[in-house]
Amino acid sequence: MSTATEGATPGFLVWRLSMKWRVAVDRAVGPLGLTHAQYALMTSLYGMSRSGLQPSQRRLADHTGLEALYVSKLARALEAAGLVTRTRDPHDPRAMQLSLTEQGRDVTHRAIHVVQGLLDQLLEPLGGQNSSRTRQFTRELATLLDAPLEPHTENYEEQT
């Protein structure tokens, strides 16, 4: 453990790791004309479409953990770049469905390849992507993501 992280709280380490990952992905996919958030949206859309889904912006927001308004903004930018199409949902005229264009699929494939290289580097200290430590780490991350996380207002009232 480096001296910068020695004695750090789990919350601080989660934040630092998420920032380290975000910056690395931003730099890696930047030459493809993407940001980390756009990459997350496009790869999620790619995966969902491979499962036969044409998700709405809302469903994609729920899947990625991004705010619906932010997904809408990202989708518009990706549409303007020719990477995504947005169409009205025939069953809900308020909802927009998203799909990748041919160019969007090409950029997504290239971005996935680049980010997989980063993931290899990130997980090497745990023994690589297929190690038992990485599988355990993945299960622990999933457990944390599944745990509800809402502020406890009574804690704020007690502190004032």
# chains A, B, ... in the order shown; residues from 1 in each chain; ligands from 1
>>> residues_around(residues="range 85-88 of chain A", least_positions_apart="5", cutoff="7 Å", atoms="only C-alpha atoms", output="PyMOL selection string")
chain A and resi 79+93+95-101
>>> write_last_selection(atoms="all heavy atoms", output="mmCIF file, in the first residue's frame")
data_model
loop_
_atom_site.group_PDB
_atom_site.id
_atom_site.type_symbol
_atom_site.label_atom_id
_atom_site.label_comp_id
_atom_site.auth_asym_id
_atom_site.auth_seq_id
_atom_site.Cartn_x
_atom_site.Cartn_y
_atom_site.Cartn_z
ATOM 1 N N GLU A 79 -25.662 11.142 -30.983
ATOM 2 C CA GLU A 79 -26.472 11.191 -32.202
ATOM 3 C C GLU A 79 -25.884 12.212 -33.182
ATOM 4 O O GLU A 79 -25.744 11.932 -34.378
ATOM 5 C CB GLU A 79 -27.918 11.551 -31.865
ATOM 6 C CG GLU A 79 -28.839 11.576 -33.074
ATOM 7 C CD GLU A 79 -30.263 11.936 -32.709
ATOM 8 O OE1 GLU A 79 -30.462 12.855 -31.870
ATOM 9 O OE2 GLU A 79 -31.183 11.314 -33.261
ATOM 10 N N PRO A 93 -44.874 7.355 -26.360
ATOM 11 C CA PRO A 93 -44.359 8.477 -27.152
ATOM 12 C C PRO A 93 -43.477 9.446 -26.366
ATOM 13 O O PRO A 93 -42.772 10.252 -26.956
ATOM 14 C CB PRO A 93 -45.620 9.169 -27.666
ATOM 15 C CG PRO A 93 -46.741 8.640 -26.857
ATOM 16 C CD PRO A 93 -46.316 7.332 -26.284
ATOM 17 N N ALA A 95 -41.018 8.375 -24.461
ATOM 18 C CA ALA A 95 -39.717 7.715 -24.313
ATOM 19 C C ALA A 95 -38.954 7.682 -25.631
ATOM 20 O O ALA A 95 -39.537 7.553 -26.698
ATOM 21 C CB ALA A 95 -39.922 6.292 -23.794
ATOM 22 N N MET A 96 -37.637 7.801 -25.511
ATOM 23 C CA MET A 96 -36.747 7.697 -26.663
ATOM 24 C C MET A 96 -35.974 6.380 -26.559
ATOM 25 O O MET A 96 -35.380 6.092 -25.522
ATOM 26 C CB MET A 96 -35.755 8.855 -26.698
ATOM 27 C CG MET A 96 -36.367 10.223 -26.891
ATOM 28 S SD MET A 96 -37.237 10.415 -28.442
ATOM 29 C CE MET A 96 -35.879 10.517 -29.579
ATOM 30 N N GLN A 97 -35.999 5.604 -27.639
ATOM 31 C CA GLN A 97 -35.211 4.382 -27.705
ATOM 32 C C GLN A 97 -33.886 4.693 -28.399
ATOM 33 O O GLN A 97 -33.834 5.532 -29.301
ATOM 34 C CB GLN A 97 -35.950 3.303 -28.491
ATOM 35 C CG GLN A 97 -37.162 2.773 -27.764
ATOM 36 C CD GLN A 97 -37.862 1.701 -28.585
ATOM 37 O OE1 GLN A 97 -38.084 1.864 -29.774
ATOM 38 N NE2 GLN A 97 -38.197 0.606 -27.929
ATOM 39 N N LEU A 98 -32.851 4.003 -27.969
ATOM 40 C CA LEU A 98 -31.514 4.238 -28.513
ATOM 41 C C LEU A 98 -30.993 3.002 -29.215
ATOM 42 O O LEU A 98 -31.280 1.874 -28.803
ATOM 43 C CB LEU A 98 -30.551 4.608 -27.388
ATOM 44 C CG LEU A 98 -30.896 5.841 -26.559
ATOM 45 C CD1 LEU A 98 -29.899 6.004 -25.429
ATOM 46 C CD2 LEU A 98 -30.937 7.074 -27.422
ATOM 47 N N SER A 99 -30.229 3.226 -30.253
ATOM 48 C CA SER A 99 -29.513 2.134 -30.921
ATOM 49 C C SER A 99 -28.227 2.698 -31.517
ATOM 50 O O SER A 99 -28.130 3.884 -31.817
ATOM 51 C CB SER A 99 -30.379 1.472 -31.995
ATOM 52 O OG SER A 99 -30.768 2.414 -32.964
ATOM 53 N N LEU A 100 -27.248 1.820 -31.646
ATOM 54 C CA LEU A 100 -25.975 2.210 -32.244
ATOM 55 C C LEU A 100 -26.103 2.196 -33.762
ATOM 56 O O LEU A 100 -26.746 1.322 -34.329
ATOM 57 C CB LEU A 100 -24.863 1.237 -31.830
ATOM 58 C CG LEU A 100 -24.451 1.238 -30.371
ATOM 59 C CD1 LEU A 100 -23.499 0.078 -30.106
ATOM 60 C CD2 LEU A 100 -23.805 2.556 -29.990
ATOM 61 N N THR A 101 -25.461 3.157 -34.403
ATOM 62 C CA THR A 101 -25.362 3.140 -35.857
ATOM 63 C C THR A 101 -24.236 2.173 -36.226
ATOM 64 O O THR A 101 -23.506 1.677 -35.353
ATOM 65 C CB THR A 101 -25.011 4.542 -36.402
ATOM 66 O OG1 THR A 101 -23.713 4.910 -35.902
ATOM 67 C CG2 THR A 101 -26.056 5.579 -36.003
#
>>> residues_around(residues="range 59-70 of chain A", least_positions_apart="2", cutoff="12 Å", atoms="only C-alpha atoms", output="number ranges by chain")
A: 36-49, 53-57, 72-77, 95-99, 145-146
>>> select_by_dssp(residues="range 26-96 of chain A", states="strand (DSSP E or B)", output="VMD selection string")
chain A and resid 56 84 to 89 92 to 96
>>> write_last_selection(atoms="N, CA and C atoms", output="PDB file, in the first residue's frame")
ATOM      1  N   SER A  56     -34.744   2.185 -23.800  1.00  0.00           N
ATOM      2  CA  SER A  56     -35.055   3.610 -23.730  1.00  0.00           C
ATOM      3  C   SER A  56     -33.913   4.306 -23.001  1.00  0.00           C
ATOM      4  N   VAL A  84     -25.126   7.145 -32.606  1.00  0.00           N
ATOM      5  CA  VAL A  84     -26.353   6.620 -31.985  1.00  0.00           C
ATOM      6  C   VAL A  84     -27.551   7.192 -32.723  1.00  0.00           C
ATOM      7  N   THR A  85     -28.613   6.402 -32.800  1.00  0.00           N
ATOM      8  CA  THR A  85     -29.891   6.932 -33.283  1.00  0.00           C
ATOM      9  C   THR A  85     -30.868   6.939 -32.108  1.00  0.00           C
ATOM     10  N   ARG A  86     -31.691   7.958 -32.081  1.00  0.00           N
ATOM     11  CA  ARG A  86     -32.745   8.099 -31.065  1.00  0.00           C
ATOM     12  C   ARG A  86     -34.070   8.095 -31.811  1.00  0.00           C
ATOM     13  N   THR A  87     -34.969   7.200 -31.407  1.00  0.00           N
ATOM     14  CA  THR A  87     -36.287   7.134 -32.029  1.00  0.00           C
ATOM     15  C   THR A  87     -37.350   7.068 -30.939  1.00  0.00           C
ATOM     16  N   ARG A  88     -38.523   7.564 -31.259  1.00  0.00           N
ATOM     17  CA  ARG A  88     -39.646   7.500 -30.313  1.00  0.00           C
ATOM     18  C   ARG A  88     -40.057   6.047 -30.106  1.00  0.00           C
ATOM     19  N   ASP A  89     -40.337   5.704 -28.881  1.00  0.00           N
ATOM     20  CA  ASP A  89     -40.838   4.370 -28.542  1.00  0.00           C
ATOM     21  C   ASP A  89     -42.279   4.283 -29.025  1.00  0.00           C
ATOM     22  N   ASP A  92     -44.647   4.156 -26.066  1.00  0.00           N
ATOM     23  CA  ASP A  92     -44.631   5.271 -25.117  1.00  0.00           C
ATOM     24  C   ASP A  92     -44.030   6.478 -25.827  1.00  0.00           C
ATOM     25  N   PRO A  93     -44.874   7.355 -26.360  1.00  0.00           N
ATOM     26  CA  PRO A  93     -44.359   8.477 -27.152  1.00  0.00           C
ATOM     27  C   PRO A  93     -43.477   9.446 -26.366  1.00  0.00           C
ATOM     28  N   ARG A  94     -43.458   9.356 -25.041  1.00  0.00           N
ATOM     29  CA  ARG A  94     -42.584  10.217 -24.243  1.00  0.00           C
ATOM     30  C   ARG A  94     -41.160   9.674 -24.184  1.00  0.00           C
ATOM     31  N   ALA A  95     -41.018   8.375 -24.461  1.00  0.00           N
ATOM     32  CA  ALA A  95     -39.717   7.715 -24.313  1.00  0.00           C
ATOM     33  C   ALA A  95     -38.954   7.682 -25.631  1.00  0.00           C
ATOM     34  N   MET A  96     -37.637   7.801 -25.511  1.00  0.00           N
ATOM     35  CA  MET A  96     -36.747   7.697 -26.663  1.00  0.00           C
ATOM     36  C   MET A  96     -35.974   6.380 -26.559  1.00  0.00           C
TER      37      MET A  96
END
>>> residues_around(residues="Leu83 in chain A", least_positions_apart="5", cutoff="8 Å", atoms="only C-alpha atoms", output="ChimeraX atom specification")
/A:78,100-105,107
>>> closest_residue(among="A:Pro90, A:Leu17, A:Ala111, A:Ala8", to="Gly30 in chain A", atoms="only C-alpha atoms")
A:Ala111
>>> decode(residues="range 50-80 of chain A", atoms="N, CA, C and O atoms", output="PDB file, in the first residue's frame")
ATOM      1  N   ARG A  50     -27.203  -6.605 -28.081  1.00  0.00           N
ATOM      2  CA  ARG A  50     -26.813  -7.997 -28.372  1.00  0.00           C
ATOM      3  C   ARG A  50     -27.764  -8.973 -27.712  1.00  0.00           C
ATOM      4  O   ARG A  50     -27.898 -10.114 -28.159  1.00  0.00           O
ATOM      5  N   SER A  51     -28.436  -8.529 -26.654  1.00  0.00           N
ATOM      6  CA  SER A  51     -29.438  -9.361 -25.977  1.00  0.00           C
ATOM      7  C   SER A  51     -30.820  -9.169 -26.581  1.00  0.00           C
ATOM      8  O   SER A  51     -31.812  -9.641 -26.029  1.00  0.00           O
ATOM      9  N   GLY A  52     -30.889  -8.425 -27.688  1.00  0.00           N
ATOM     10  CA  GLY A  52     -32.166  -8.229 -28.374  1.00  0.00           C
ATOM     11  C   GLY A  52     -32.976  -7.055 -27.869  1.00  0.00           C
ATOM     12  O   GLY A  52     -34.146  -6.910 -28.227  1.00  0.00           O
ATOM     13  N   LEU A  53     -32.384  -6.210 -27.050  1.00  0.00           N
ATOM     14  CA  LEU A  53     -33.104  -5.070 -26.487  1.00  0.00           C
ATOM     15  C   LEU A  53     -32.803  -3.794 -27.261  1.00  0.00           C
ATOM     16  O   LEU A  53     -31.702  -3.623 -27.774  1.00  0.00           O
ATOM     17  N   GLN A  54     -33.784  -2.916 -27.331  1.00  0.00           N
ATOM     18  CA  GLN A  54     -33.560  -1.561 -27.818  1.00  0.00           C
ATOM     19  C   GLN A  54     -34.032  -0.657 -26.674  1.00  0.00           C
ATOM     20  O   GLN A  54     -35.177  -0.250 -26.614  1.00  0.00           O
ATOM     21  N   PRO A  55     -33.118  -0.385 -25.745  1.00  0.00           N
ATOM     22  CA  PRO A  55     -33.517   0.274 -24.506  1.00  0.00           C
ATOM     23  C   PRO A  55     -33.896   1.741 -24.697  1.00  0.00           C
ATOM     24  O   PRO A  55     -33.414   2.417 -25.610  1.00  0.00           O
ATOM     25  N   SER A  56     -34.744   2.185 -23.800  1.00  0.00           N
ATOM     26  CA  SER A  56     -35.055   3.610 -23.730  1.00  0.00           C
ATOM     27  C   SER A  56     -33.913   4.306 -23.001  1.00  0.00           C
ATOM     28  O   SER A  56     -33.067   3.666 -22.367  1.00  0.00           O
ATOM     29  N   GLN A  57     -33.892   5.616 -23.112  1.00  0.00           N
ATOM     30  CA  GLN A  57     -32.879   6.393 -22.383  1.00  0.00           C
ATOM     31  C   GLN A  57     -33.003   6.122 -20.886  1.00  0.00           C
ATOM     32  O   GLN A  57     -31.992   5.988 -20.194  1.00  0.00           O
ATOM     33  N   ARG A  58     -34.238   6.008 -20.383  1.00  0.00           N
ATOM     34  CA  ARG A  58     -34.467   5.756 -18.954  1.00  0.00           C
ATOM     35  C   ARG A  58     -33.879   4.402 -18.545  1.00  0.00           C
ATOM     36  O   ARG A  58     -33.212   4.283 -17.532  1.00  0.00           O
ATOM     37  N   ARG A  59     -34.136   3.379 -19.354  1.00  0.00           N
ATOM     38  CA  ARG A  59     -33.618   2.047 -19.024  1.00  0.00           C
ATOM     39  C   ARG A  59     -32.092   2.042 -19.065  1.00  0.00           C
ATOM     40  O   ARG A  59     -31.449   1.401 -18.242  1.00  0.00           O
ATOM     41  N   LEU A  60     -31.528   2.746 -20.010  1.00  0.00           N
ATOM     42  CA  LEU A  60     -30.074   2.838 -20.099  1.00  0.00           C
ATOM     43  C   LEU A  60     -29.513   3.604 -18.893  1.00  0.00           C
ATOM     44  O   LEU A  60     -28.465   3.244 -18.357  1.00  0.00           O
ATOM     45  N   ALA A  61     -30.217   4.621 -18.460  1.00  0.00           N
ATOM     46  CA  ALA A  61     -29.804   5.356 -17.260  1.00  0.00           C
ATOM     47  C   ALA A  61     -29.808   4.431 -16.043  1.00  0.00           C
ATOM     48  O   ALA A  61     -28.854   4.424 -15.258  1.00  0.00           O
ATOM     49  N   ASP A  62     -30.867   3.648 -15.897  1.00  0.00           N
ATOM     50  CA  ASP A  62     -30.946   2.707 -14.776  1.00  0.00           C
ATOM     51  C   ASP A  62     -29.816   1.684 -14.845  1.00  0.00           C
ATOM     52  O   ASP A  62     -29.217   1.338 -13.827  1.00  0.00           O
ATOM     53  N   HIS A  63     -29.519   1.217 -16.039  1.00  0.00           N
ATOM     54  CA  HIS A  63     -28.480   0.197 -16.226  1.00  0.00           C
ATOM     55  C   HIS A  63     -27.090   0.749 -15.904  1.00  0.00           C
ATOM     56  O   HIS A  63     -26.269   0.055 -15.289  1.00  0.00           O
ATOM     57  N   THR A  64     -26.801   1.964 -16.335  1.00  0.00           N
ATOM     58  CA  THR A  64     -25.455   2.525 -16.161  1.00  0.00           C
ATOM     59  C   THR A  64     -25.255   3.218 -14.818  1.00  0.00           C
ATOM     60  O   THR A  64     -24.120   3.454 -14.409  1.00  0.00           O
ATOM     61  N   GLY A  65     -26.352   3.593 -14.169  1.00  0.00           N
ATOM     62  CA  GLY A  65     -26.234   4.351 -12.929  1.00  0.00           C
ATOM     63  C   GLY A  65     -26.079   5.840 -13.171  1.00  0.00           C
ATOM     64  O   GLY A  65     -25.848   6.606 -12.231  1.00  0.00           O
ATOM     65  N   LEU A  66     -26.210   6.263 -14.415  1.00  0.00           N
ATOM     66  CA  LEU A  66     -26.135   7.687 -14.749  1.00  0.00           C
ATOM     67  C   LEU A  66     -27.516   8.315 -14.612  1.00  0.00           C
ATOM     68  O   LEU A  66     -28.530   7.639 -14.768  1.00  0.00           O
ATOM     69  N   GLU A  67     -27.550   9.599 -14.343  1.00  0.00           N
ATOM     70  CA  GLU A  67     -28.816  10.325 -14.270  1.00  0.00           C
ATOM     71  C   GLU A  67     -29.483  10.349 -15.640  1.00  0.00           C
ATOM     72  O   GLU A  67     -28.802  10.496 -16.664  1.00  0.00           O
ATOM     73  N   ALA A  68     -30.807  10.230 -15.659  1.00  0.00           N
ATOM     74  CA  ALA A  68     -31.556  10.197 -16.920  1.00  0.00           C
ATOM     75  C   ALA A  68     -31.296  11.449 -17.767  1.00  0.00           C
ATOM     76  O   ALA A  68     -31.146  11.353 -18.989  1.00  0.00           O
ATOM     77  N   LEU A  69     -31.240  12.599 -17.133  1.00  0.00           N
ATOM     78  CA  LEU A  69     -30.989  13.838 -17.865  1.00  0.00           C
ATOM     79  C   LEU A  69     -29.600  13.822 -18.511  1.00  0.00           C
ATOM     80  O   LEU A  69     -29.424  14.278 -19.643  1.00  0.00           O
ATOM     81  N   TYR A  70     -28.632  13.258 -17.813  1.00  0.00           N
ATOM     82  CA  TYR A  70     -27.272  13.157 -18.354  1.00  0.00           C
ATOM     83  C   TYR A  70     -27.235  12.176 -19.526  1.00  0.00           C
ATOM     84  O   TYR A  70     -26.575  12.431 -20.532  1.00  0.00           O
ATOM     85  N   VAL A  71     -27.957  11.067 -19.416  1.00  0.00           N
ATOM     86  CA  VAL A  71     -28.027  10.105 -20.519  1.00  0.00           C
ATOM     87  C   VAL A  71     -28.643  10.768 -21.747  1.00  0.00           C
ATOM     88  O   VAL A  71     -28.170  10.583 -22.867  1.00  0.00           O
ATOM     89  N   SER A  72     -29.670  11.559 -21.534  1.00  0.00           N
ATOM     90  CA  SER A  72     -30.302  12.272 -22.644  1.00  0.00           C
ATOM     91  C   SER A  72     -29.299  13.199 -23.328  1.00  0.00           C
ATOM     92  O   SER A  72     -29.200  13.236 -24.556  1.00  0.00           O
ATOM     93  N   LYS A  73     -28.530  13.920 -22.530  1.00  0.00           N
ATOM     94  CA  LYS A  73     -27.515  14.830 -23.069  1.00  0.00           C
ATOM     95  C   LYS A  73     -26.428  14.054 -23.827  1.00  0.00           C
ATOM     96  O   LYS A  73     -26.026  14.442 -24.924  1.00  0.00           O
ATOM     97  N   LEU A  74     -25.966  12.958 -23.240  1.00  0.00           N
ATOM     98  CA  LEU A  74     -24.961  12.130 -23.899  1.00  0.00           C
ATOM     99  C   LEU A  74     -25.501  11.559 -25.211  1.00  0.00           C
ATOM    100  O   LEU A  74     -24.804  11.549 -26.228  1.00  0.00           O
ATOM    101  N   ALA A  75     -26.741  11.077 -25.174  1.00  0.00           N
ATOM    102  CA  ALA A  75     -27.346  10.472 -26.370  1.00  0.00           C
ATOM    103  C   ALA A  75     -27.468  11.490 -27.493  1.00  0.00           C
ATOM    104  O   ALA A  75     -27.212  11.167 -28.663  1.00  0.00           O
ATOM    105  N   ARG A  76     -27.833  12.718 -27.164  1.00  0.00           N
ATOM    106  CA  ARG A  76     -27.919  13.764 -28.196  1.00  0.00           C
ATOM    107  C   ARG A  76     -26.555  14.041 -28.819  1.00  0.00           C
ATOM    108  O   ARG A  76     -26.437  14.206 -30.035  1.00  0.00           O
ATOM    109  N   ALA A  77     -25.525  14.103 -27.985  1.00  0.00           N
ATOM    110  CA  ALA A  77     -24.176  14.345 -28.494  1.00  0.00           C
ATOM    111  C   ALA A  77     -23.708  13.177 -29.366  1.00  0.00           C
ATOM    112  O   ALA A  77     -23.106  13.386 -30.428  1.00  0.00           O
ATOM    113  N   LEU A  78     -24.007  11.960 -28.945  1.00  0.00           N
ATOM    114  CA  LEU A  78     -23.621  10.789 -29.723  1.00  0.00           C
ATOM    115  C   LEU A  78     -24.418  10.697 -31.021  1.00  0.00           C
ATOM    116  O   LEU A  78     -23.894  10.258 -32.046  1.00  0.00           O
ATOM    117  N   GLU A  79     -25.662  11.142 -30.983  1.00  0.00           N
ATOM    118  CA  GLU A  79     -26.472  11.191 -32.202  1.00  0.00           C
ATOM    119  C   GLU A  79     -25.884  12.212 -33.182  1.00  0.00           C
ATOM    120  O   GLU A  79     -25.744  11.932 -34.378  1.00  0.00           O
ATOM    121  N   ALA A  80     -25.503  13.378 -32.676  1.00  0.00           N
ATOM    122  CA  ALA A  80     -24.908  14.414 -33.522  1.00  0.00           C
ATOM    123  C   ALA A  80     -23.597  13.934 -34.147  1.00  0.00           C
ATOM    124  O   ALA A  80     -23.255  14.329 -35.261  1.00  0.00           O
TER     125      ALA A  80
END
